[in-house]
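K.L.:
Handing you this structure, nothing more for now.
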Amino acid sequence: MARPKNSERDPNYNEAEARRIARRKWEQNNPEKWEKQKRNLRFKRRYGITLDTYNTMLEEQKGVCKICGNPPTGIHSSGAPHRLHVDHDHKTGKVRALLCQHCNRGLGYFKDNSDLLIKASEYLDGYRKL
């Protein structure tokens, strides 16, 4: 005779809830692994890349921003050091490079429009000559 499932023995048993409880316990007991899994899932969802791909890009860029050449600086509100951001084309979703927070925000403020960036550069150059 087959052994009855928990749900057959206990009408209040909820298998999905039991899995959630077990998962939370694992997360609490394995915080470093859980953090790595969360980052990997976030990269996959947002950019279609893995954490390994990010780390390869970081290594290829020698840990510095693709635009300004500086390493990330500062501390996040969570207490963790800032990391380089994944820059991507918002229309196609294609990943371009890793940027520091300032360069990434700068491109965002200029709406990824290279014509506006050229005009801003010409504007600044005009004031340097004065």
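Residue names in the structure tokens use chain letters A, B, ... in the order shown, residue numbers from 1 in each chain, and ligand numbers from 1 in the order shown.
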Just list as a ChimeraX atom specification whatever in chain A DSSP marks as helix (DSSP H, G or I).

P.N.:
/A:6-9,15-29,31-47,51-60,101-109,114-128

K.L.:
Neighbours of range 49-56 of chain A within 7 Å (only C-alpha atoms; same-chain residues fewer than 4 positions away dropped), as a PyMOL selection string?

P.N.:
chain A and resi 39-40+43-44+60

K.L.:
Next, the residues of the selection above should be written as a short mmCIF file (atom, residue, chain, number, x, y, z; two decimals), in the first residue's frame with N, CA and C atoms.

P.N.:
data_model
loop_
_atom_site.label_atom_id
_atom_site.label_comp_id
_atom_site.auth_asym_id
_atom_site.auth_seq_id
_atom_site.Cartn_x
_atom_site.Cartn_y
_atom_site.Cartn_z
N ARG A 39 21.14 38.21 -7.04
CA ARG A 39 21.80 39.06 -8.04
C ARG A 39 21.73 38.41 -9.42
N ASN A 40 21.96 37.10 -9.48
CA ASN A 40 21.93 36.39 -10.75
C ASN A 40 20.52 36.48 -11.37
N PHE A 43 19.93 40.05 -12.70
CA PHE A 43 20.61 40.28 -13.98
C PHE A 43 19.88 39.58 -15.12
N LYS A 44 19.43 38.34 -14.89
CA LYS A 44 18.72 37.60 -15.94
C LYS A 44 17.43 38.30 -16.32
N GLU A 60 37.07 42.27 -17.96
CA GLU A 60 37.53 42.83 -19.24
C GLU A 60 37.74 44.34 -19.15
#

K.L.:
Quick one: of A:Cys68, A:Ile21, A:Ile75, A:Ala120, who's nearest to Leu99 in chain A, counting only C-alpha atoms?

P.N.:
A:Cys68

K.L.:
Quick check for you: according to DSSP on this backbone, which residues of range 5-124 of chain A are classed as strand (DSSP E or B)? Reply as a PDB file with N, CA and C atoms, in the first residue's frame.

P.N.:
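result-v7.pdb, freshly written:
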ATOM      1  N   ILE A  75      29.495  54.275  -0.801  1.00  0.00           N
ATOM      2  CA  ILE A  75      28.824  53.183  -0.109  1.00  0.00           C
ATOM      3  C   ILE A  75      27.318  53.320  -0.324  1.00  0.00           C
ATOM      4  N   PRO A  81      29.479  48.381  -0.789  1.00  0.00           N
ATOM      5  CA  PRO A  81      30.143  49.321  -1.703  1.00  0.00           C
ATOM      6  C   PRO A  81      29.405  49.383  -3.041  1.00  0.00           C
ATOM      7  N   HIS A  85      27.329  49.766 -12.886  1.00  0.00           N
ATOM      8  CA  HIS A  85      25.976  49.510 -13.374  1.00  0.00           C
ATOM      9  C   HIS A  85      26.020  48.917 -14.784  1.00  0.00           C
ATOM     10  N   VAL A  86      25.039  48.085 -15.088  1.00  0.00           N
ATOM     11  CA  VAL A  86      24.918  47.511 -16.431  1.00  0.00           C
ATOM     12  C   VAL A  86      24.218  48.538 -17.305  1.00  0.00           C
ATOM     13  N   ASP A  87      24.938  49.074 -18.292  1.00  0.00           N
ATOM     14  CA  ASP A  87      24.342  50.020 -19.239  1.00  0.00           C
ATOM     15  C   ASP A  87      23.760  49.217 -20.389  1.00  0.00           C
ATOM     16  N   HIS A  88      22.536  49.578 -20.779  1.00  0.00           N
ATOM     17  CA  HIS A  88      21.873  48.865 -21.872  1.00  0.00           C
ATOM     18  C   HIS A  88      21.014  49.831 -22.668  1.00  0.00           C
ATOM     19  N   VAL A  95      22.800  44.884 -23.939  1.00  0.00           N
ATOM     20  CA  VAL A  95      23.778  45.351 -22.954  1.00  0.00           C
ATOM     21  C   VAL A  95      24.971  45.945 -23.690  1.00  0.00           C
ATOM     22  N   ARG A  96      25.425  47.138 -23.227  1.00  0.00           N
ATOM     23  CA  ARG A  96      26.546  47.815 -23.872  1.00  0.00           C
ATOM     24  C   ARG A  96      27.835  47.656 -23.080  1.00  0.00           C
ATOM     25  N   ALA A  97      27.821  48.065 -21.814  1.00  0.00           N
ATOM     26  CA  ALA A  97      29.045  48.023 -20.996  1.00  0.00           C
ATOM     27  C   ALA A  97      28.666  48.265 -19.545  1.00  0.00           C
ATOM     28  N   LEU A  98      29.682  48.336 -18.682  1.00  0.00           N
ATOM     29  CA  LEU A  98      29.486  48.648 -17.273  1.00  0.00           C
ATOM     30  C   LEU A  98      29.929  50.083 -17.026  1.00  0.00           C
ATOM     31  N   LEU A  99      29.093  50.839 -16.316  1.00  0.00           N
ATOM     32  CA  LEU A  99      29.373  52.250 -16.070  1.00  0.00           C
ATOM     33  C   LEU A  99      29.271  52.566 -14.583  1.00  0.00           C
TER      34      LEU A  99
END

K.L.:
Compile the contact shell of Cys103 in chain A as a list of chain:residue names: residues with an atom at most 9 Å away, counting only C-alpha atoms, same-chain residues fewer than 6 positions apart removed.

P.N.:
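The filter keeps A:Cys65, A:Lys66, A:Ile67, A:Cys68.
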
K.L.:
Work out how far CA of Leu116 in chain A is from CA of His82 in chain A, in Å to one decimal.

P.N.:
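The value is 27.6 Å.
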